[in-house]
$ cat data25.cif   # mmCIF, C-alpha atoms
data_entry
loop_
_atom_site.label_atom_id
_atom_site.label_comp_id
_atom_site.auth_asym_id
_atom_site.auth_seq_id
_atom_site.Cartn_x
_atom_site.Cartn_y
_atom_site.Cartn_z
CA MET O 604 88.25 -4.52 160.49
CA ASN O 605 85.40 -2.19 161.35
CA ILE O 606 83.93 0.48 159.15
CA ASP O 607 81.47 2.87 160.77
CA PRO O 608 77.86 2.57 159.60
CA ILE O 609 76.59 5.52 157.59
CA ASN O 610 73.55 7.67 158.36
CA ASN O 611 72.69 9.16 155.02
CA GLY O 612 74.32 7.82 151.93
CA ILE O 613 74.80 4.89 149.60
CA VAL O 614 76.17 1.38 149.97
CA ILE O 615 77.18 -0.32 146.78
CA ASP O 616 77.18 -4.00 147.62
CA HIS O 617 77.87 -7.36 145.94
CA ILE O 618 80.63 -5.94 143.81
CA LYS O 619 82.65 -8.72 142.25
CA ALA O 620 85.88 -8.91 144.26
CA GLY O 621 88.51 -6.75 142.62
CA ASN O 622 86.10 -4.49 140.70
CA SER O 623 85.65 -1.77 143.31
CA MET O 624 88.51 0.38 142.10
CA GLU O 625 87.09 0.40 138.59
CA ILE O 626 83.71 1.53 139.95
CA TYR O 627 85.40 4.13 142.13
CA LYS O 628 86.98 5.60 139.03
CA PHE O 629 83.87 5.37 136.83
CA LEU O 630 81.72 7.12 139.46
CA ASP O 631 84.43 9.75 139.94
CA LEU O 632 84.38 9.20 143.70
CA ASP O 633 87.77 10.87 143.93
CA ASN O 634 85.90 14.16 143.69
CA VAL O 635 83.31 13.39 146.39
CA ASN O 636 84.24 15.40 149.47
CA SER O 637 82.61 13.16 152.08
CA THR O 638 83.82 9.90 153.60
CA VAL O 639 84.12 7.09 151.08
CA ALA O 640 85.10 3.57 152.16
CA LEU O 641 86.29 1.05 149.64
CA ILE O 642 86.35 -2.39 151.19
CA LYS O 643 87.92 -5.24 149.30
CA ASN O 644 87.63 -9.00 149.61
CA VAL O 645 84.84 -9.03 152.19
CA PRO O 646 83.79 -12.63 153.00
CA SER O 647 80.39 -13.37 151.42
CA LYS O 648 78.16 -16.44 151.69
CA LYS O 649 76.75 -15.87 148.23
CA MET O 650 79.89 -14.80 146.40
CA GLY O 651 82.78 -16.22 148.42
CA LYS O 652 84.25 -12.77 148.59
CA LYS O 653 83.07 -9.40 147.39
CA ASP O 654 83.88 -5.69 147.43
CA ILE O 655 81.74 -2.97 149.01
CA ILE O 656 81.80 0.81 148.58
CA LYS O 657 80.22 3.05 151.22
CA ILE O 658 79.61 6.71 150.50
CA ASP O 659 78.59 8.88 153.42
CA LYS O 660 76.56 11.27 151.32
CA GLU O 661 73.55 11.08 149.00
CA ILE O 662 74.90 11.53 145.52
CA ASP O 663 73.47 10.87 142.07
CA ILE O 664 74.73 7.56 140.85
CA ASN O 665 74.67 6.59 137.21
CA LEU O 666 73.06 3.16 137.52
CA ASP O 667 73.69 2.47 133.84
CA VAL O 668 77.41 2.70 134.47
CA LEU O 669 77.17 0.32 137.39
CA GLY O 670 74.91 -2.04 135.47
CA TYR O 671 77.38 -2.04 132.61
CA ILE O 672 80.33 -2.88 134.85
CA ASP O 673 78.51 -5.52 136.86
CA PRO O 674 74.73 -6.09 136.76
CA ASP O 675 74.87 -8.25 139.92
CA ILE O 676 75.69 -5.21 142.06
CA THR O 677 73.05 -3.94 144.51
CA VAL O 678 72.71 -0.30 145.50
CA ASN O 679 71.33 0.46 148.97
CA ILE O 680 70.06 3.92 149.85
CA ILE O 681 70.49 4.74 153.54
CA LYS O 682 68.46 7.46 155.27
CA ASN O 683 68.76 8.22 158.98
CA GLY O 684 70.72 5.03 159.47
CA VAL O 685 68.02 2.85 157.87
CA ARG O 686 68.04 1.24 154.45
CA THR O 687 65.11 2.78 152.58
CA GLU O 688 65.70 1.33 149.15
CA LYS O 689 67.55 -1.60 147.57
CA LYS O 690 68.12 -1.37 143.84
CA HIS O 691 68.96 -4.37 141.70
CA LEU O 692 70.71 -3.47 138.51
CA GLU O 693 70.27 -4.68 134.98
CA LEU O 694 72.50 -4.63 131.96
CA PRO O 695 71.59 -1.32 130.31
CA SER O 696 70.57 -1.62 126.66
CA VAL O 697 72.58 1.52 125.83
CA VAL O 698 75.52 3.22 127.55
CA LYS O 699 76.28 6.76 126.55
CA ASN O 700 79.60 8.49 127.20
CA VAL O 701 80.70 5.79 129.62
CA ILE O 702 83.21 4.01 127.47
CA LYS O 703 85.08 5.42 124.53
CA CYS O 704 85.53 3.64 121.26
CA LYS O 705 89.20 2.96 120.69
CA ASN O 706 88.88 1.83 117.08
CA PRO O 707 91.11 4.28 115.20
CA ARG O 708 88.95 3.84 112.10
CA CYS O 709 85.79 4.90 113.98
CA ILE O 710 84.35 8.38 113.36
CA THR O 711 84.41 9.00 117.12
CA SER O 712 88.22 9.05 116.94
CA THR O 713 88.17 12.34 115.02
CA GLU O 714 84.72 13.93 115.21
CA ARG O 715 84.30 16.53 117.93
CA GLY O 716 81.27 16.64 120.17
CA ILE O 717 79.50 13.43 119.22
CA PRO O 718 78.41 11.07 121.98
CA HIS O 719 80.18 7.73 122.43
CA VAL O 720 77.31 5.26 122.43
CA PHE O 721 77.54 1.51 122.95
CA LYS O 722 74.60 -0.85 122.49
CA LEU O 723 74.03 -4.22 124.12
CA THR O 724 74.08 -6.71 121.24
CA ASP O 725 74.47 -10.01 123.10
CA LYS O 726 72.91 -10.09 126.56
CA GLU O 727 74.07 -13.61 127.36
CA ASN O 728 77.73 -12.81 126.76
CA ARG O 729 77.41 -9.15 127.82
CA VAL O 730 78.70 -7.84 124.52
CA TYR O 731 78.41 -4.11 123.83
CA ARG O 732 79.17 -2.68 120.41
CA CYS O 733 79.92 0.86 119.30
CA MET O 734 76.87 2.39 117.63
CA TYR O 735 79.04 3.80 114.85
CA CYS O 736 81.59 1.14 113.93
CA GLU O 737 80.27 -1.97 115.76
CA SER O 738 83.59 -2.65 117.49
CA SER O 739 82.93 -4.52 120.70
CA ALA O 740 83.63 -2.77 123.99
CA LYS O 741 85.97 -5.61 124.93
CA GLU O 742 88.06 -4.83 121.87
CA THR O 743 88.02 -1.11 122.51
CA VAL O 744 88.51 -0.72 126.28
CA MET J 456 62.83 5.20 106.37
CA LYS J 457 64.57 8.55 106.80
CA ASN J 458 68.16 7.57 106.04
CA LEU J 459 69.94 4.49 104.77
CA ILE J 460 72.95 3.81 106.94
CA ASP J 461 72.94 0.01 107.37
CA ILE J 462 71.09 -2.57 105.28
CA LEU J 463 69.65 -4.10 108.46
CA ASP J 464 68.03 -0.75 109.33
CA ILE J 465 65.37 -1.44 106.72
CA THR J 466 62.84 -4.24 106.72
CA THR J 467 62.56 -6.92 104.05
CA GLU J 468 59.19 -5.35 103.14
CA GLU J 469 60.93 -2.02 102.50
CA ILE J 470 63.58 -3.82 100.43
CA ASP J 471 60.81 -5.51 98.43
CA ALA J 472 59.18 -2.13 97.81
CA LEU J 473 62.49 -0.65 96.62
CA ILE J 474 63.02 -3.60 94.28
CA ASP J 475 59.48 -3.20 92.91
CA THR J 476 60.10 0.49 92.25
CA ALA J 477 63.46 -0.26 90.60
CA ASN J 478 61.82 -2.84 88.36
CA ASP J 479 59.14 -0.35 87.40
CA ILE J 480 61.83 2.25 86.60
CA ILE J 481 63.54 -0.31 84.34
CA GLU J 482 60.25 -1.06 82.57
CA ASN J 483 58.99 2.53 82.37
CA PRO J 484 61.91 4.96 82.58
CA GLY J 485 59.92 7.80 81.03
CA LYS J 486 57.52 7.78 83.98
CA TYR J 487 60.31 8.82 86.30
CA ASN J 488 62.42 11.32 84.39
CA GLU J 489 60.80 14.40 85.95
CA LYS J 490 60.08 13.00 89.42
CA CYS J 491 62.89 14.89 91.15
CA ARG J 492 62.76 18.09 89.16
CA HIS J 493 64.13 20.98 91.28
CA LYS J 494 65.56 18.52 93.81
CA LYS J 495 69.28 18.39 94.50
CA LEU J 496 71.46 15.46 95.52
CA ALA J 497 74.76 16.26 97.23
CA THR J 498 77.43 13.62 96.74
CA LEU J 499 79.94 14.11 99.54
CA PHE J 500 82.83 11.79 98.77
CA PHE J 501 85.54 12.22 101.38
CA GLU J 502 87.44 9.46 99.63
CA PRO J 503 87.54 8.72 95.93
CA SER J 504 85.12 6.33 94.25
CA THR J 505 84.26 6.32 90.60
CA ARG J 506 81.50 3.79 90.24
CA THR J 507 79.41 4.56 93.30
CA ARG J 508 79.55 8.33 92.89
CA LEU J 509 78.72 8.23 89.19
CA SER J 510 75.92 5.77 89.88
CA PHE J 511 74.34 8.15 92.41
CA GLU J 512 74.78 11.13 90.12
CA ALA J 513 73.37 9.28 87.11
CA ALA J 514 70.43 8.12 89.27
CA MET J 515 69.55 11.68 90.29
CA LEU J 516 70.02 13.06 86.78
CA ASP J 517 67.73 10.34 85.38
CA LEU J 518 65.11 11.44 87.88
CA GLY J 519 65.29 15.00 86.52
CA GLY J 520 67.14 16.34 89.55
CA SER J 521 70.54 17.93 89.78
CA VAL J 522 73.71 17.11 91.66
CA LEU J 523 76.40 18.98 93.53
CA GLY J 524 79.21 17.94 95.81
CA PHE J 525 82.85 16.96 95.90
CA SER J 526 84.77 13.83 95.03
CA GLU J 527 87.69 14.04 97.45
CA SER J 528 88.12 15.61 100.87
CA ASN J 529 90.91 17.91 99.61
CA SER J 530 88.30 19.90 97.74
CA SER J 531 86.00 20.22 100.76
CA SER J 532 86.25 22.20 103.98
CA ALA J 533 87.16 18.93 105.74
CA SER J 534 90.71 19.79 104.66
CA LYS J 535 90.39 22.93 106.83
CA GLY J 536 89.48 20.77 109.80
CA GLU J 537 85.70 21.11 109.66
CA SER J 538 83.77 18.33 111.40
CA VAL J 539 81.53 15.97 109.45
CA SER J 540 78.54 17.26 111.43
CA ASP J 541 79.19 20.87 110.44
CA THR J 542 79.85 19.95 106.81
CA VAL J 543 76.56 18.08 106.42
CA ARG J 544 74.60 20.69 108.35
CA THR J 545 75.85 23.25 105.84
CA VAL J 546 75.23 21.03 102.83
CA GLY J 547 71.75 20.24 104.20
CA CYS J 548 70.96 23.92 103.66
CA TYR J 549 71.65 23.55 99.93
CA ALA J 550 70.65 20.00 99.01
CA ASP J 551 67.54 17.87 99.53
CA ILE J 552 69.41 14.60 100.08
CA ILE J 553 73.00 13.56 100.73
CA ALA J 554 74.97 10.52 99.55
CA MET J 555 78.14 10.27 101.55
CA ARG J 556 81.30 8.19 101.42
CA HIS J 557 83.83 8.58 104.20
CA PRO J 558 86.93 6.64 105.26
CA LYS J 559 85.83 6.63 108.91
CA GLU J 560 83.43 3.92 110.05
CA GLY J 561 80.12 5.36 111.27
CA ALA J 562 80.64 8.78 109.67
CA PRO J 563 77.31 8.65 107.74
CA LEU J 564 75.47 7.74 110.95
CA ALA J 565 77.05 10.70 112.74
CA ALA J 566 76.15 12.85 109.72
CA SER J 567 72.52 11.74 109.82
CA PHE J 568 72.11 13.29 113.29
CA SER J 569 72.80 16.80 112.07
CA ALA J 570 72.13 16.90 108.31
CA GLY J 571 68.46 17.84 108.48
CA VAL J 572 67.95 15.99 105.17
CA PRO J 573 68.11 12.25 104.38
CA VAL J 574 71.60 10.72 104.38
CA ILE J 575 72.60 7.68 102.34
CA ASN J 576 75.70 5.76 103.33
CA ALA J 577 77.71 5.34 100.14
CA GLY J 578 80.44 3.42 101.99
CA ASP J 579 82.09 4.07 105.34
CA GLY J 580 85.57 2.58 105.41
CA GLY J 581 85.49 -1.20 105.59
CA HIS J 582 82.23 -1.11 107.51
CA ASN J 583 79.03 -0.82 105.45
CA HIS J 584 77.99 -0.26 101.87
CA PRO J 585 74.23 -0.77 101.90
CA THR J 586 73.49 0.47 98.38
CA GLN J 587 75.83 -2.20 96.99
CA THR J 588 73.83 -4.77 98.93
CA LEU J 589 70.56 -3.36 97.55
CA THR J 590 72.12 -3.58 94.08
CA ASP J 591 73.03 -7.22 94.70
CA LEU J 592 69.55 -8.05 95.99
CA LEU J 593 67.90 -6.42 92.96
CA THR J 594 70.21 -8.38 90.65
CA ILE J 595 69.43 -11.67 92.40
CA LYS J 596 65.70 -10.93 92.30
CA ARG J 597 65.79 -10.06 88.61
CA GLU J 598 67.99 -12.97 87.56
CA CYS J 599 66.59 -15.71 89.81
CA GLY J 600 63.07 -14.36 90.33
CA ARG J 601 63.35 -14.77 94.10
CA LEU J 602 65.45 -13.95 97.16
CA SER J 603 64.51 -17.10 99.07
CA ASP J 604 65.22 -20.74 98.14
CA ILE J 605 68.61 -20.00 96.65
CA LYS J 606 72.03 -21.57 96.90
CA ILE J 607 74.70 -18.89 96.65
CA GLY J 608 78.46 -19.39 96.52
CA PHE J 609 80.79 -16.61 97.63
CA CYS J 610 84.26 -17.01 96.18
CA GLY J 611 87.59 -15.28 96.83
CA ASP J 612 88.42 -12.90 99.65
CA LEU J 613 85.66 -13.52 102.16
CA LYS J 614 87.62 -12.14 105.08
CA PHE J 615 87.94 -8.49 104.15
CA GLY J 616 85.19 -8.08 101.56
CA ARG J 617 82.52 -5.83 103.06
CA THR J 618 80.14 -6.45 100.15
CA VAL J 619 80.20 -10.16 100.97
CA HIS J 620 79.57 -9.57 104.68
CA SER J 621 76.67 -7.19 104.04
CA LEU J 622 75.03 -9.46 101.48
CA ILE J 623 75.34 -12.47 103.77
CA MET J 624 73.72 -10.50 106.59
CA ALA J 625 70.93 -9.34 104.29
CA LEU J 626 70.29 -12.88 103.03
CA THR J 627 69.97 -14.30 106.54
CA ARG J 628 66.50 -12.72 106.61
CA TYR J 629 65.17 -14.81 103.71
CA GLU J 630 63.82 -18.37 103.81
CA ASN J 631 65.84 -21.38 102.77
CA VAL J 632 69.02 -19.60 101.71
CA GLU J 633 72.03 -21.89 101.53
CA ILE J 634 75.50 -20.35 101.50
CA VAL J 635 78.67 -21.92 100.15
CA LEU J 636 81.89 -20.20 101.16
CA ILE J 637 84.70 -20.79 98.68
CA SER J 638 87.98 -19.32 99.86
CA PRO J 639 91.50 -20.14 100.91
CA GLU J 640 91.82 -20.78 104.62
CA GLU J 641 93.63 -17.45 105.00
CA LEU J 642 90.67 -15.53 103.59
CA CYS J 643 87.63 -17.28 105.09
CA ILE J 644 84.78 -15.24 106.59
CA PRO J 645 85.25 -13.83 110.10
CA GLN J 646 84.23 -15.99 113.03
CA TYR J 647 81.51 -13.58 114.16
CA LEU J 648 79.69 -14.05 110.85
CA LYS J 649 79.89 -17.83 111.18
CA ASP J 650 78.45 -17.47 114.68
CA ILE J 651 75.55 -15.42 113.32
CA LEU J 652 74.87 -17.98 110.58
CA ARG J 653 74.90 -20.81 113.13
CA SER J 654 72.69 -18.94 115.60
CA GLN J 655 70.14 -18.29 112.87
CA ASN J 656 70.29 -21.85 111.55
CA ILE J 657 71.43 -20.74 108.10
CA LYS J 658 72.84 -23.69 106.21
CA PHE J 659 76.41 -22.99 105.12
CA THR J 660 79.39 -25.00 103.98
CA GLU J 661 83.04 -24.14 103.40
CA THR J 662 85.13 -25.41 100.56
CA ARG J 663 88.48 -24.61 98.95
CA THR J 664 87.61 -25.11 95.29
CA MET J 665 84.79 -23.76 93.18
CA GLU J 666 84.72 -26.78 90.85
CA SER J 667 83.46 -29.06 93.63
CA VAL J 668 80.26 -27.05 94.13
CA MET J 669 79.75 -25.34 90.78
CA SER J 670 76.95 -27.61 89.56
CA GLU J 671 74.83 -26.94 92.68
CA LEU J 672 74.89 -23.13 92.67
CA ASP J 673 72.11 -20.74 91.66
CA ILE J 674 74.41 -17.75 92.16
CA LEU J 675 78.19 -17.41 92.13
CA TYR J 676 79.39 -14.20 93.78
CA MET J 677 83.02 -13.62 92.82
CA THR J 678 85.39 -11.28 94.65
CA ARG J 679 88.94 -10.24 94.10
CA VAL J 680 91.77 -12.00 95.93
CA GLN J 681 93.96 -9.15 97.03
CA ARG J 682 97.73 -9.46 96.81
CA GLU J 683 98.32 -7.18 99.79
CA ARG J 684 96.58 -9.66 102.12
CA PHE J 685 99.28 -12.28 101.68
CA PHE J 686 102.60 -12.56 103.44
CA ASN J 687 103.90 -15.00 100.89
CA GLU J 688 103.96 -14.18 97.17
CA ALA J 689 103.95 -17.85 96.17
CA ASP J 690 100.76 -18.49 98.17
CA TYR J 691 99.13 -15.49 96.56
CA ILE J 692 99.92 -16.65 93.05
CA ARG J 693 98.77 -20.21 93.77
CA LEU J 694 95.47 -19.05 95.28
CA ARG J 695 94.85 -16.31 92.79
CA ASP J 696 95.06 -18.81 89.97
CA THR J 697 92.77 -21.23 91.80
CA TYR J 698 90.00 -18.68 91.81
CA ILE J 699 90.06 -17.53 88.22
CA LEU J 700 86.67 -18.21 86.72
CA THR J 701 87.01 -19.54 83.19
CA PRO J 702 84.51 -20.99 80.67
CA GLU J 703 85.93 -24.46 81.44
CA LYS J 704 85.05 -24.16 85.12
CA LEU J 705 81.51 -23.23 84.14
CA GLU J 706 80.94 -26.39 82.10
CA ASP J 707 79.11 -28.16 84.92
CA ALA J 708 77.25 -25.07 86.11
CA LYS J 709 73.50 -24.66 85.84
CA LYS J 710 72.17 -23.01 82.69
CA THR J 711 70.43 -20.52 84.98
CA LEU J 712 73.50 -19.68 87.09
CA CYS J 713 73.87 -15.98 87.88
CA ILE J 714 77.52 -14.85 88.04
CA MET J 715 77.98 -11.68 90.09
CA HIS J 716 80.93 -9.49 91.07
CA PRO J 717 80.86 -6.13 92.88
CA LEU J 718 83.72 -4.94 90.59
CA PRO J 719 86.38 -3.77 90.02
CA ARG J 720 87.66 -7.04 88.64
CA VAL J 721 91.33 -7.75 88.12
CA ASN J 722 91.81 -11.24 86.76
CA GLU J 723 89.47 -13.40 88.83
CA ILE J 724 86.93 -13.62 86.03
CA SER J 725 88.42 -14.36 82.63
CA THR J 726 87.19 -11.86 80.03
CA GLU J 727 86.01 -14.84 77.95
CA VAL J 728 83.25 -15.30 80.53
CA ASP J 729 81.87 -11.83 79.74
CA VAL J 730 80.02 -13.11 76.69
CA ASP J 731 78.41 -15.96 78.65
CA PRO J 732 74.71 -15.11 79.16
CA ARG J 733 75.12 -16.13 82.80
CA ALA J 734 77.60 -13.27 83.43
CA CYS J 735 75.54 -10.65 85.28
CA TYR J 736 78.19 -8.31 86.68
CA PHE J 737 77.66 -5.54 84.17
CA LYS J 738 73.89 -5.88 84.58
CA GLN J 739 74.65 -5.48 88.28
CA VAL J 740 76.28 -2.12 87.55
CA LYS J 741 73.16 -0.96 85.70
CA ASN J 742 70.94 -2.24 88.49
CA GLY J 743 72.97 -0.13 90.89
CA LYS J 744 71.68 3.02 89.24
CA PHE J 745 68.06 1.84 89.20
CA ILE J 746 67.98 0.80 92.86
CA ARG J 747 69.58 4.13 93.82
CA MET J 748 66.85 5.91 91.87
CA ALA J 749 64.26 3.94 93.83
CA LEU J 750 66.03 4.77 97.08
CA ILE J 751 66.21 8.51 96.33
CA LEU J 752 62.47 8.54 95.51
CA LYS J 753 61.69 6.71 98.75
CA LEU J 754 63.82 8.95 100.96
CA LEU J 755 62.52 12.13 99.33
CA GLU J 756 58.98 10.75 99.66
CA VAL J 757 58.32 11.39 95.98
CA LYS J 758 55.29 9.45 94.75
#

$ encode --input "data25.cif" --output "structure tokens"
Amino acid sequence: MNIDPINNGIVIDHIKAGNSMEIYKFLDLDNVNSTVALIKNVPSKKMGKKDIIKIDKEIDINLDVLGYIDPDITVNIIKNGVRTEKKHLELPSVVKNVIKCKNPRCITSTERGIPHVFKLTDKENRVYRCMYCESSAKETV
Amino acid sequence: MKNLIDILDITTEEIDALIDTANDIIENPGKYNEKCRHKKLATLFFEPSTRTRLSFEAAMLDLGGSVLGFSESNSSSASKGESVSDTVRTVGCYADIIAMRHPKEGAPLAASFSAGVPVINAGDGGHNHPTQTLTDLLTIKRECGRLSDIKIGFCGDLKFGRTVHSLIMALTRYENVEIVLISPEELCIPQYLKDILRSQNIKFTETRTMESVMSELDILYMTRVQRERFFNEADYIRLRDTYILTPEKLEDAKKTLCIMHPLPRVNEISTEVDVDPRACYFKQVKNGKFIRMALILKLLEVK
């Protein structure tokens, strides 16, 4: 299977196989009006298999969102057919308005206009907790 | 310190300073009775509470200030659908400090972003109740003379009791605190708290009966076993009776034992224990007012 190389855009690489659809949704790529390729289960020496997303346009990407979903992802910026930058992600210490708290007892379930903020409380186990009620993101997503 | 939302938001040094102020208030009440003259405390109680609200109001009145507010959401504009943020922004125009209880977890934190004046969490659902924890710490300090080097037994419903969870978290920051968890298996503390205790190398043990550990304890923190937590009435009755503290069960206890309870009590402490000099739960209620006075002074930056 061949996917054309891109001239100016972004390649999101080393996505854990199966996670690309989730990233596609989080980055709202449905509303990007240029070519977007979502490639699943690409053979990888390092990972066995991986997913890749190619976007044929320079768009602002929320790296915190990507870092939250999978900090092992790399983001490559392509200009004039050449990779000009390779970004390694980290687990963000705070994610704002990325995930919503689903705890019905949390103030965010009723209060209008307040940000949904999750904080990294356990880096090793990648646990995020709601700033307001301390429910873990795993429990709430 | 601008607000008090969670007990872990403040340092042990700040807690020590609050305890020192509270002790000074107890020793010299006259020194403080005009400190908050012309200051107003708003008690915004979106759900009913007698003890906590009256404690806050008594604290402010004893500081020479005045109080306003509501004691149930039906009598506030929340019943018209107003957001917490808008309510506190409005109240912040009238009052100098807000004490707030709300059934939703995190509501006081959300309020603190828009109030414009200090906000004190007076209980947010089953989540936090930091002024109860400050009350407990003041009581321990006054009765035992220290917050470190203590062996404390928590007895009863350790699964749902937020006062127990908060006090355990607060005590993890002090040296050589040993915790004994006395509860039925159905009501033991949540796993995440055990994980925290293990990760911080806090010595803790679990047991099913209070008699087996009574002689070792410096503090016994009683809580109510709640009927509604049980599926089986017979289990409830059996366990409820196991955890009734009576003078007989105190026979082996230390002469210096401090018996605490966040109240309200139902039957888990026999009324005969009330006359025992080791019963500290009504002193605890008094301490609640003094530590709230200290907290109001601190947040209003009154010297």

$ resolve_selection --input "data25.cif" --expression "the PyMOL selection byres ((chain J) within 6 of (chain O))" --output "ChimeraX atom specification"
/J:538,559-562

$ residues_around --input "data25.cif" --residues "Met715 (chain J)" --least-positions-apart "6" --cutoff "12 Å" --atoms "all atoms listed in the file" --output "PyMOL selection string"
chain J and resi 587-588+590-595+598+607-610+618-619+622+673-679+700+723-724+728-729+732-740+742

$ atom_distance --input "data25.cif" --atom1 "CA of Leu641 (chain O)" --atom2 "CA of Pro695 (chain O)"
24.4 Å

$ resolve_selection --input "data25.cif" --expression "the PyMOL selection byres ((chain O and resi 677) around 12)" --output "PyMOL selection string"
chain O and resi 613-619+653-656+666+669-670+673-676+678-680+688-693

$ residues_around --input "data25.cif" --residues "Ile634 (chain J)" --least-positions-apart "3" --cutoff "10 Å" --atoms "all atoms listed in the file" --output "JSON, numbers by chain"
{"J": [605, 606, 607, 608, 609, 623, 626, 627, 631, 637, 652, 657, 658, 659, 660, 661, 672, 674]}

$ resolve_selection --input "data25.cif" --expression "the PyMOL selection byres ((chain O and resi 696) around 6)" --output "MDAnalysis selection string"
chainID O and resid 695 697 722:723

$ atom_distance --input "data25.cif" --atom1 "CA of Glu625 (chain O)" --atom2 "CA of Asn683 (chain O)"
28.5 Å

$ residues_around --input "data25.cif" --residues "Asn728 (chain O)" --least-positions-apart "2" --cutoff "12 Å" --atoms "only C-alpha atoms" --output "list of chain:residue names"
O:Leu694, O:Leu723, O:Thr724, O:Asp725, O:Lys726, O:Val730, O:Tyr731, O:Ser739, O:Ala740, O:Lys741

$ atom_distance --input "data25.cif" --atom1 "CA of Glu630 (chain J)" --atom2 "CA of Arg601 (chain J)"
10.4 Å

$ closest_residue --input "data25.cif" --among "O:Val645, O:Ile664, O:Val685, O:Ile609" --to "Asp631 (chain O)" --atoms "all atoms listed in the file"
O:Ile664

$ closest_residue --input "data25.cif" --among "J:Ile470, J:Leu499, J:Val572, J:Leu518" --to "Leu754 (chain J)" --atoms "only C-alpha atoms"
J:Val572

$ closest_residue --input "data25.cif" --among "J:Leu752, J:Ile552, J:Leu636, J:Val539" --to "Ala566 (chain J)" --atoms "all atoms listed in the file"
J:Val539

$ residues_near_point --input "data25.cif" --point "(64.2, 9.4, 93.9)" --cutoff "12 Å" --atoms "all atoms listed in the file" --output "NGL selection string"
:J and (473 or 476-477 or 480 or 487-496 or 511-521 or 551-553 or 573 or 744-758)

$ write_last_selection --input "data25.cif" --atoms "C-alpha atoms" --output "compact mmCIF listing (two decimals), in the frame of the given file"
# COMPACT_ATOMS: atom_id res chain seq x y z
CA LEU J 473 62.49 -0.65 96.62
CA THR J 476 60.10 0.49 92.25
CA ALA J 477 63.46 -0.26 90.60
CA ILE J 480 61.83 2.25 86.60
CA TYR J 487 60.31 8.82 86.30
CA ASN J 488 62.42 11.32 84.39
CA GLU J 489 60.80 14.40 85.95
CA LYS J 490 60.08 13.00 89.42
CA CYS J 491 62.89 14.89 91.15
CA ARG J 492 62.76 18.09 89.16
CA HIS J 493 64.13 20.98 91.28
CA LYS J 494 65.56 18.52 93.81
CA LYS J 495 69.28 18.39 94.50
CA LEU J 496 71.46 15.46 95.52
CA PHE J 511 74.34 8.15 92.41
CA GLU J 512 74.78 11.13 90.12
CA ALA J 513 73.37 9.28 87.11
CA ALA J 514 70.43 8.12 89.27
CA MET J 515 69.55 11.68 90.29
CA LEU J 516 70.02 13.06 86.78
CA ASP J 517 67.73 10.34 85.38
CA LEU J 518 65.11 11.44 87.88
CA GLY J 519 65.29 15.00 86.52
CA GLY J 520 67.14 16.34 89.55
CA SER J 521 70.54 17.93 89.78
CA ASP J 551 67.54 17.87 99.53
CA ILE J 552 69.41 14.60 100.08
CA ILE J 553 73.00 13.56 100.73
CA PRO J 573 68.11 12.25 104.38
CA LYS J 744 71.68 3.02 89.24
CA PHE J 745 68.06 1.84 89.20
CA ILE J 746 67.98 0.80 92.86
CA ARG J 747 69.58 4.13 93.82
CA MET J 748 66.85 5.91 91.87
CA ALA J 749 64.26 3.94 93.83
CA LEU J 750 66.03 4.77 97.08
CA ILE J 751 66.21 8.51 96.33
CA LEU J 752 62.47 8.54 95.51
CA LYS J 753 61.69 6.71 98.75
CA LEU J 754 63.82 8.95 100.96
CA LEU J 755 62.52 12.13 99.33
CA GLU J 756 58.98 10.75 99.66
CA VAL J 757 58.32 11.39 95.98
CA LYS J 758 55.29 9.45 94.75

$ closest_residue --input "data25.cif" --among "J:Arg508, J:Arg653, J:His620, J:His582" --to "Ile460 (chain J)" --atoms "all atoms listed in the file"
J:His582

$ build_atoms --input "data25.cif" --residues "region 724-731 of chain J" --atoms "N, CA and C atoms" --output "PDB file, keeping the file's coordinate frame"
ATOM      1  N   ILE J 724      87.875 -13.102  87.030  1.00  0.00           N
ATOM      2  CA  ILE J 724      86.930 -13.620  86.030  1.00  0.00           C
ATOM      3  C   ILE J 724      87.579 -13.383  84.666  1.00  0.00           C
ATOM      4  N   SER J 725      87.822 -14.475  83.964  1.00  0.00           N
ATOM      5  CA  SER J 725      88.420 -14.360  82.630  1.00  0.00           C
ATOM      6  C   SER J 725      87.474 -13.555  81.726  1.00  0.00           C
ATOM      7  N   THR J 726      88.043 -12.718  80.879  1.00  0.00           N
ATOM      8  CA  THR J 726      87.190 -11.860  80.030  1.00  0.00           C
ATOM      9  C   THR J 726      86.363 -12.703  79.046  1.00  0.00           C
ATOM     10  N   GLU J 727      86.796 -13.963  78.823  1.00  0.00           N
ATOM     11  CA  GLU J 727      86.010 -14.840  77.950  1.00  0.00           C
ATOM     12  C   GLU J 727      84.627 -15.131  78.545  1.00  0.00           C
ATOM     13  N   VAL J 728      84.538 -15.018  79.866  1.00  0.00           N
ATOM     14  CA  VAL J 728      83.250 -15.300  80.530  1.00  0.00           C
ATOM     15  C   VAL J 728      82.243 -14.171  80.261  1.00  0.00           C
ATOM     16  N   ASP J 729      82.763 -12.989  79.912  1.00  0.00           N
ATOM     17  CA  ASP J 729      81.870 -11.830  79.740  1.00  0.00           C
ATOM     18  C   ASP J 729      80.748 -12.071  78.724  1.00  0.00           C
ATOM     19  N   VAL J 730      81.031 -12.877  77.726  1.00  0.00           N
ATOM     20  CA  VAL J 730      80.020 -13.110  76.690  1.00  0.00           C
ATOM     21  C   VAL J 730      79.031 -14.223  77.075  1.00  0.00           C
ATOM     22  N   ASP J 731      79.317 -14.912  78.164  1.00  0.00           N
ATOM     23  CA  ASP J 731      78.410 -15.960  78.650  1.00  0.00           C
ATOM     24  C   ASP J 731      77.117 -15.291  79.145  1.00  0.00           C
TER      25      ASP J 731
END
